[in-house]
Amino acid sequence: MLKVEDLVVSYGGIEALKGISLDVPDGKIITLIGANGAGKSTLLRTIIGLVKPESGKISYNEKEITALNSQKIVTTGITLVPEGRRVFSNLTVLENLKIGAYMRNDKAEIEKDIEWIYGMFPRLQERNWQLAGTLSGGEQQMLAVGRALMCRPKLIMMDEPSLGLAPLVIKDIFRIIQEINAKGMTILLIEQNANMALKIADWAYVLETGRITMEGTGKELLENPQIREAYLGKKKK
Amino acid sequence: MEFFQAIFNMSAASFAQHMVNGISLGSLYAMIAIGYTMVYGILLMINFAHGDIVMMACYFAFFGITVFQIPWYLTFVGVIIATALLGVVIERTAYRPLRDAPKNSVLISAIGASFLLENLANYLFSGRPLRFPNIELLSQNIAIAGVQVQAISLVIPVVTMLCLVVLLHIVNHTKIGMSMRAVSKDYEIARVMGINIDNVISITFAIGSILAAIGAIMWGIRYPGITPLLGVMPGLKCFIAAVIGGIGNIKGAVLGGFILGLGEILIVAFFPQLSGYRDAFAFIVLIIILFYKPTGLLGEKTTEKV
């Protein structure tokens, strides 16, 4: 279980996170919704060690990871599918997957996992030798997910995987998130697409300007009138 | 008209001679330009100390052979190792502490490292020119079909091509090369993949310095005067070569090196009256290229999907 306690993060003098606590239990899909600038991405970047917090504690399976660098944090089984996908556009599709397995040395198993990911995303296999920069947005998102899976993570954090994608592709992505979760991986999902994100969430948090203002099961939040108005664009009845 | 007259007046033999000279100078530029381009590709900074690394390598060779009387082939191996270490040490002391600082600070630090090396050499070895050790096997003149050339002029392009083949293999087909390309594209995400970017950067400096060392040795045999400022002009020109080819692109750096080397030699060959402008050639080409193709000949336009 990932545990975040009283996390405070500042960016150039501005407090982006003002004391956040949340739990991500194993095997669940946990969703974090919030508007632009609420601090969602900052939270994920801090967990993975790209940003150092001012105070607070992050622990994973009872082990504190707050002060570790990204490289060490990744070895504990946490990975990130970053906002905007950020595939290595100058590497081929296959190389992007291989680099996801950078820390592994079991060649035969890596080959198997590549086959598994190609089975899940046949489009990627067709484009095996293409540079990742030539893929469409949806394909790049699939590649970003595949790349993250290549390190055999226990917890996958996804930062707005539906951003800028066509509705049909978004549906695909959410189906895949559920598939991955069914395989036993824990998901921490950040979304502006609150409707779909809450539908698949076991538990959800609402983040507003650096603070968690609400939490509950996905279903509860979907039915909450405040949430419906603020995030789902539906008027109070 | 003058140009064609100059060509017609030149015999085939002397034209061949100039071509050999141009190609070997171009190869030397290419070897050094690769170091600029690789460091830029990863750190987005110009390693101004790179030319001075070439200079230091020449002194290392001088001390190995002339002072300590170590056989030249063993010295060359030692020079390559010592120069690689020097490159890594410069990166660790002058650039790594500034990893999260603004780009300008790193650039100024690079200029500082360059001055430090130049003045250190001046202090330790004095400004008096030394002679690069003579290696009979490589510096002898040989005649091929009536063209007199120094053996080293023929060795230089061959060694350069070998180095290029090995380098491209490392960059494109090995795990370390893959991580270098990944770090150069997005070092944050490279970190998230578990890549130790400090190691990758050290290896990049080591490779660039190894090529600089090999270039320096061949440079020394071809142009035997060693001074503490020896690296300044070649350093500038090779930086220009990297920019002309498209900085960050290895093949581009080689192309740029050959354009400058050949151009410089041929202009002087055809128009001896212009020989005073020999060094200006590189800068003129730079201005023209920047004007018409700012990303360089083989440089890619940056396209990003959001």
# chains A, B, ... in the order shown; residues from 1 in each chain; ligands from 1
>>> residues_around(residues="Glu215 of chain A", least_positions_apart="2", cutoff="8 Å", atoms="only C-alpha atoms", output="mmCIF file with C-alpha atoms, in the first residue's frame")
data_model
loop_
_atom_site.group_PDB
_atom_site.id
_atom_site.type_symbol
_atom_site.label_atom_id
_atom_site.label_comp_id
_atom_site.auth_asym_id
_atom_site.auth_seq_id
_atom_site.Cartn_x
_atom_site.Cartn_y
_atom_site.Cartn_z
ATOM 1 C CA TRP A 203 -12.091 4.948 -4.131
ATOM 2 C CA ALA A 204 -11.712 8.524 -5.226
ATOM 3 C CA TYR A 205 -10.299 11.785 -3.926
ATOM 4 C CA VAL A 206 -11.144 15.303 -5.009
ATOM 5 C CA ILE A 212 -8.169 17.138 -0.623
ATOM 6 C CA THR A 213 -11.721 18.355 -0.185
ATOM 7 C CA THR A 217 -16.244 5.488 -3.452
ATOM 8 C CA LEU A 221 -18.882 10.879 -5.730
#
>>> closest_atom_pairs(of="chain A", to="chain B", cutoff="6 Å", atoms="only C-alpha atoms", output="JSON lines")
{"residue": "A:Ser70", "atom": "CA", "partner": "B:Val192", "partner_atom": "CA", "distance": 5.8}
{"residue": "A:Gln71", "atom": "CA", "partner": "B:Gly194", "partner_atom": "CA", "distance": 4.4}
{"residue": "A:Gly100", "atom": "CA", "partner": "B:Met193", "partner_atom": "CA", "distance": 5.7}
>>> write_last_selection(atoms="all heavy atoms", output="short mmCIF file (atom, residue, chain, number, x, y, z; two decimals), in the first residue's frame")
data_model
loop_
_atom_site.label_atom_id
_atom_site.label_comp_id
_atom_site.auth_asym_id
_atom_site.auth_seq_id
_atom_site.Cartn_x
_atom_site.Cartn_y
_atom_site.Cartn_z
N SER A 70 14.46 8.91 -7.97
CA SER A 70 13.53 8.19 -8.83
C SER A 70 13.97 6.76 -9.11
O SER A 70 13.18 5.83 -9.08
CB SER A 70 13.38 8.92 -10.16
OG SER A 70 13.00 10.24 -9.95
N GLN A 71 15.27 6.65 -9.39
CA GLN A 71 15.81 5.34 -9.74
C GLN A 71 15.50 4.29 -8.68
O GLN A 71 15.11 3.17 -8.97
CB GLN A 71 17.32 5.50 -9.86
CG GLN A 71 17.91 4.85 -11.04
CD GLN A 71 19.42 4.84 -10.88
OE1 GLN A 71 19.99 5.78 -10.34
NE2 GLN A 71 20.04 3.79 -11.34
N GLY A 100 11.66 0.55 -21.13
CA GLY A 100 10.81 0.38 -19.96
C GLY A 100 11.33 -0.74 -19.06
O GLY A 100 11.14 -0.73 -17.85
#
>>> select_by_dssp(residues="segment 76-214 of chain A", states="strand (DSSP E or B)", output="count of residues only")
27
>>> select_by_dssp(residues="segment 53-209 of chain A", states="alpha helix (DSSP H)", output="VMD selection string")
chain A and resid 70 to 75 93 to 100 107 to 120 122 to 126 137 to 149 167 to 182 194 to 200
>>> residues_around(residues="Leu68 of chain A", least_positions_apart="6", cutoff="10 Å", atoms="only C-alpha atoms", output="number ranges by chain")
A: 47-50, 52, 74
>>> write_last_selection(atoms="C-alpha atoms", output="mmCIF file, in the first residue's frame")
data_model
loop_
_atom_site.group_PDB
_atom_site.id
_atom_site.type_symbol
_atom_site.label_atom_id
_atom_site.label_comp_id
_atom_site.auth_asym_id
_atom_site.auth_seq_id
_atom_site.Cartn_x
_atom_site.Cartn_y
_atom_site.Cartn_z
ATOM 1 C CA ILE A 47 5.716 10.321 -5.341
ATOM 2 C CA ILE A 48 8.056 9.202 -8.150
ATOM 3 C CA GLY A 49 10.850 11.425 -6.824
ATOM 4 C CA LEU A 50 11.081 14.041 -9.572
ATOM 5 C CA LYS A 52 11.239 16.881 -3.494
ATOM 6 C CA VAL A 74 11.141 2.688 -9.417
#
>>> atom_distance(atom1="atom CA of Gly51 of chain B", atom2="atom CA of Ile226 of chain B")
13.0 Å
>>> residues_around(residues="Thr66 of chain A", least_positions_apart="3", cutoff="12 Å", atoms="only C-alpha atoms", output="PyMOL selection string")
chain A and resi 2-9+45-60+62-63+69-70+72-73
>>> write_last_selection(atoms="N, CA and C atoms", output="short mmCIF file (atom, residue, chain, number, x, y, z; two decimals), in the first residue's frame")
data_model
loop_
_atom_site.label_atom_id
_atom_site.label_comp_id
_atom_site.auth_asym_id
_atom_site.auth_seq_id
_atom_site.Cartn_x
_atom_site.Cartn_y
_atom_site.Cartn_z
N LEU A 2 0.45 2.18 -0.84
CA LEU A 2 1.13 3.49 -0.87
C LEU A 2 0.41 4.42 0.10
N LYS A 3 1.20 5.06 0.95
CA LYS A 3 0.62 5.95 1.96
C LYS A 3 1.28 7.32 1.86
N VAL A 4 0.47 8.34 1.67
CA VAL A 4 0.97 9.71 1.63
C VAL A 4 0.43 10.44 2.86
N GLU A 5 1.34 11.06 3.63
CA GLU A 5 0.90 11.73 4.86
C GLU A 5 1.37 13.18 4.90
N ASP A 6 0.42 14.07 5.03
CA ASP A 6 0.68 15.52 5.23
C ASP A 6 1.70 16.08 4.25
N LEU A 7 1.56 15.75 3.01
CA LEU A 7 2.57 16.14 2.02
C LEU A 7 2.43 17.61 1.62
N VAL A 8 3.53 18.34 1.79
CA VAL A 8 3.55 19.74 1.37
C VAL A 8 4.64 19.90 0.30
N VAL A 9 4.27 20.45 -0.85
CA VAL A 9 5.23 20.64 -1.94
C VAL A 9 5.13 22.07 -2.44
N ARG A 45 4.41 13.50 -9.45
CA ARG A 45 5.83 13.78 -9.64
C ARG A 45 6.60 13.69 -8.33
N THR A 46 5.93 14.05 -7.23
CA THR A 46 6.59 13.96 -5.93
C THR A 46 6.72 12.50 -5.50
N ILE A 47 5.66 11.74 -5.74
CA ILE A 47 5.72 10.32 -5.34
C ILE A 47 6.85 9.60 -6.07
N ILE A 48 7.04 9.92 -7.36
CA ILE A 48 8.06 9.20 -8.15
C ILE A 48 9.45 9.82 -7.96
N GLY A 49 9.53 10.91 -7.18
CA GLY A 49 10.85 11.43 -6.82
C GLY A 49 11.41 12.48 -7.76
N LEU A 50 10.59 13.00 -8.67
CA LEU A 50 11.08 14.04 -9.57
C LEU A 50 11.05 15.40 -8.89
N VAL A 51 10.20 15.51 -7.87
CA VAL A 51 10.10 16.75 -7.09
C VAL A 51 10.27 16.37 -5.63
N LYS A 52 11.04 17.18 -4.92
CA LYS A 52 11.24 16.88 -3.49
C LYS A 52 10.22 17.66 -2.67
N PRO A 53 9.56 17.00 -1.72
CA PRO A 53 8.56 17.68 -0.90
C PRO A 53 9.21 18.55 0.18
N GLU A 54 8.46 19.52 0.66
CA GLU A 54 8.96 20.38 1.71
C GLU A 54 8.83 19.65 3.05
N SER A 55 7.69 19.02 3.22
CA SER A 55 7.50 18.22 4.43
C SER A 55 6.49 17.13 4.12
N GLY A 56 6.31 16.22 5.07
CA GLY A 56 5.39 15.12 4.85
C GLY A 56 6.14 13.84 4.55
N LYS A 57 5.38 12.77 4.40
CA LYS A 57 6.00 11.46 4.30
C LYS A 57 5.29 10.64 3.24
N ILE A 58 6.07 9.94 2.43
CA ILE A 58 5.50 9.00 1.47
C ILE A 58 6.09 7.64 1.79
N SER A 59 5.24 6.64 1.98
CA SER A 59 5.80 5.31 2.20
C SER A 59 5.09 4.29 1.31
N TYR A 60 5.83 3.27 0.96
CA TYR A 60 5.27 2.22 0.11
C TYR A 60 5.57 0.89 0.78
N GLU A 62 5.10 0.05 3.84
CA GLU A 62 5.72 0.33 5.15
C GLU A 62 7.13 0.91 5.05
N LYS A 63 7.65 1.03 3.83
CA LYS A 63 9.02 1.55 3.70
C LYS A 63 8.96 3.00 3.25
N ASN A 69 15.78 8.76 -4.58
CA ASN A 69 15.71 9.30 -5.93
C ASN A 69 14.85 8.39 -6.82
N SER A 70 14.46 8.91 -7.97
CA SER A 70 13.53 8.19 -8.83
C SER A 70 13.97 6.76 -9.11
N LYS A 72 15.67 4.67 -7.41
CA LYS A 72 15.42 3.75 -6.30
C LYS A 72 13.93 3.51 -6.13
N ILE A 73 13.15 4.59 -6.29
CA ILE A 73 11.70 4.46 -6.11
C ILE A 73 11.14 3.48 -7.13
#
>>> atom_distance(atom1="atom CA of Gln130 of chain A", atom2="atom CA of Val93 of chain A")
6.0 Å
>>> closest_residue(among="B:Cys238, B:Ile287, B:Ile247, B:Ala212", to="Tyr29 of chain B", atoms="only C-alpha atoms")
B:Cys238
>>> closest_residue(among="A:Leu32, A:Ala132, A:Ile114, A:Ile227", to="Ala101 of chain A", atoms="only C-alpha atoms")
A:Ile114
>>> atom_distance(atom1="atom CA of Arg104 of chain A", atom2="atom CA of Met150 of chain A")
9.0 Å
>>> closest_residue(among="B:Ile34, B:Leu230, B:Val106, B:Ala57", to="Glu118 of chain B", atoms="only C-alpha atoms")
B:Leu230
>>> residues_around(residues="segment 143-149 of chain A", least_positions_apart="4", cutoff="6 Å", atoms="only C-alpha atoms", output="count of residues only")
4
>>> residues_around(residues="Phe76 of chain B", least_positions_apart="5", cutoff="10 Å", atoms="only C-alpha atoms", output="list of chain:residue names")
B:Ala57, B:Phe60, B:Ala61, B:Gly64, B:Ile65, B:Ile70, B:Pro71, B:Ile81, B:Ala82, B:Ala213, B:Ile214, B:Ile217
>>> write_last_selection(atoms="all heavy atoms", output="compact mmCIF listing (two decimals), in the first residue's frame")
# COMPACT_ATOMS: atom_id res chain seq x y z
N ALA B 57 45.55 16.30 -24.50
CA ALA B 57 45.90 14.98 -25.03
C ALA B 57 47.24 15.06 -25.77
O ALA B 57 48.07 14.14 -25.68
CB ALA B 57 44.79 14.47 -25.95
N PHE B 60 49.87 15.05 -23.16
CA PHE B 60 50.01 13.71 -22.60
C PHE B 60 50.91 12.87 -23.51
O PHE B 60 51.80 12.16 -23.04
CB PHE B 60 48.65 13.01 -22.47
CG PHE B 60 47.73 13.63 -21.44
CD1 PHE B 60 46.35 13.43 -21.51
CD2 PHE B 60 48.24 14.39 -20.39
CE1 PHE B 60 45.50 13.99 -20.57
CE2 PHE B 60 47.38 14.96 -19.44
CZ PHE B 60 46.01 14.76 -19.54
N ALA B 61 50.67 12.95 -24.82
CA ALA B 61 51.45 12.15 -25.77
C ALA B 61 52.91 12.59 -25.74
O ALA B 61 53.84 11.76 -25.76
CB ALA B 61 50.87 12.29 -27.17
N GLY B 64 54.50 11.20 -22.58
CA GLY B 64 54.65 9.75 -22.66
C GLY B 64 55.84 9.35 -23.51
O GLY B 64 56.70 8.57 -23.11
N ILE B 65 55.91 9.92 -24.71
CA ILE B 65 56.92 9.46 -25.66
C ILE B 65 58.25 10.18 -25.45
O ILE B 65 59.30 9.55 -25.28
CB ILE B 65 56.44 9.66 -27.11
CG1 ILE B 65 55.18 8.83 -27.34
CG2 ILE B 65 57.52 9.25 -28.11
CD1 ILE B 65 54.50 9.07 -28.66
N ILE B 70 58.23 6.10 -23.32
CA ILE B 70 57.36 4.92 -23.44
C ILE B 70 57.10 4.71 -24.93
O ILE B 70 56.94 5.68 -25.68
CB ILE B 70 56.03 5.17 -22.70
CG1 ILE B 70 56.30 5.51 -21.24
CG2 ILE B 70 55.10 3.96 -22.81
CD1 ILE B 70 55.09 6.06 -20.50
N PRO B 71 57.10 3.46 -25.41
CA PRO B 71 56.83 3.23 -26.84
C PRO B 71 55.53 3.92 -27.28
O PRO B 71 54.58 3.98 -26.51
CB PRO B 71 56.67 1.71 -26.93
CG PRO B 71 57.34 1.17 -25.72
CD PRO B 71 57.28 2.22 -24.67
N ILE B 81 43.17 6.79 -22.46
CA ILE B 81 42.58 6.56 -21.14
C ILE B 81 42.62 7.84 -20.31
O ILE B 81 41.62 8.26 -19.72
CB ILE B 81 43.32 5.42 -20.41
CG1 ILE B 81 43.08 4.10 -21.16
CG2 ILE B 81 42.84 5.30 -18.96
CD1 ILE B 81 43.98 2.96 -20.71
N ALA B 82 43.80 8.50 -20.29
CA ALA B 82 43.95 9.71 -19.48
C ALA B 82 42.99 10.81 -19.95
O ALA B 82 42.39 11.52 -19.14
CB ALA B 82 45.39 10.20 -19.54
N ALA B 213 40.87 12.43 -28.06
CA ALA B 213 42.24 11.97 -27.85
C ALA B 213 42.81 11.37 -29.14
O ALA B 213 43.94 11.67 -29.54
CB ALA B 213 42.29 10.95 -26.72
N ILE B 214 42.00 10.52 -29.78
CA ILE B 214 42.47 9.91 -31.03
C ILE B 214 42.70 11.01 -32.07
O ILE B 214 43.71 11.02 -32.78
CB ILE B 214 41.45 8.86 -31.54
CG1 ILE B 214 41.29 7.75 -30.50
CG2 ILE B 214 41.88 8.29 -32.88
CD1 ILE B 214 40.17 6.77 -30.79
N ILE B 217 45.95 12.92 -31.21
CA ILE B 217 47.18 12.20 -31.57
C ILE B 217 47.46 12.36 -33.07
O ILE B 217 48.58 12.69 -33.49
CB ILE B 217 47.04 10.70 -31.20
CG1 ILE B 217 47.04 10.54 -29.68
CG2 ILE B 217 48.15 9.88 -31.84
CD1 ILE B 217 46.59 9.17 -29.21
